[in-house]
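Engineer: Here it is, the structure in full.
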Amino acid sequence: MTNRYDRRDILKGAGAICATNLLWVASNTAPQQNLQVADRDVEVQLSPVSPHTFRLSVLPIEGGQPQPLKSNGSLVQASWGAPLAKFKGGENERVVKSGQLNIKLSRSPLRAMVENAKGEVVQHVTIDSESGAVSFLLGNSALLALGEGGPQFDRRGSTDAMRSGVPIPWLIGTAGWALYFHQPFGTFDFTGNEGKFLAKDPGSALPLDIFVVASQEPKELMAEYATLTGHPEAPRNQRLRWFRAPRSKRTAQCAGRADLPQIFGAALSPAAVFV
């Protein structure tokens, strides 16, 4: 028996199909929620510094605009150029090329995966959307980091509250990467398979500003650090003349002197003159 449909049945069926298609389009083209970290809308910016280094910034959005970073005096300059990419939730992922590096930005979790020119994963930096905590690969090789105090030849397995005399948030993975945590000031935990960074104050998790370096050459890693923070100040001529003097004479001159920082510069430890 052949089914027969009248005009009304055909129109009802066509209407149902159109409605279904409209719902499918709406559900697939609906705008995604804004990218959030620590309960604040943010924009992720990726900026080039050199062929080996890029800057990863997570900036809070206020009044519809990302808030600029404020200088804390640790960098030689405020900017190395306009961002290559801005990422605030309109897409799930994006691949950006910066110098010799390829960076894959993803939304969930919020992560920057870094590959070198050979396609090898060098590092990935993951940002917790709730706390703003940062995790990163430690790998299977030694970790050098953080200035004076604590384990000096491999920081893995330790924690650091950054309370030493000269805390420096600069990490070097001897596998061929480095990280400089410009902002905020925080603590480090290297006891797990991944390293973790957490802001000292939960309310200061943003803005987050990290420089990521990738190179197999140690001298290039340290050269990139100098690019970011500057070279040491050259000693004055009178300081060099003093260092050339015989050790016995220097020892006699230093005995009972309380003004060594004024003579040799405030950044020079009096103990250093005996090295």
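Just so we're on the same page: first chain in the structure tokens is A, next is B, and so on; residues restart at 1 for each chain, and ligands are numbered from 1 in the order they show up.
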List the spatial neighbours of Thr187 in chain A as a VMD selection string - criterion: any atom at most 8 Å away, only C-alpha atoms, same-chain residues fewer than 3 positions off excluded.
Structural biologist: chain A and resid 159 to 162 197 to 200
Engineer: Which residues are near range 212-228 of chain A? Cut-off 9 Å, only C-alpha atoms, ignore same chain within fewer than 5 positions. Put them as a PyMOL selection string.
Structural biologist: chain A and resi 49-50+52-56+74-77+100-101+114-116+122-123+125+170+172+174-181
Engineer: Looking at only C-alpha atoms, which of A:Pro167, A:Pro48, A:Gly150, A:Gly132 is the one that sits closest to Ile103 in chain A?
Structural biologist: A:Pro48
Engineer: Can you tell me how far CA of Pro51 in chain A sits from CA of Pro109 in chain A, in Å to one decimal?
Structural biologist: 26.3 Å
Engineer: As a list in words, please: all residues of range 32-234 of chain A that backbone DSSP puts in alpha helix (DSSP H).
Structural biologist: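 Output for range 32-234 of chain A, alpha helix (DSSP H) only: Pro218, Lys219, Glu220, Leu221, Met222, Ala223, Glu224, Tyr225, Ala226, Thr227, Leu228 and Thr229 of chain A.
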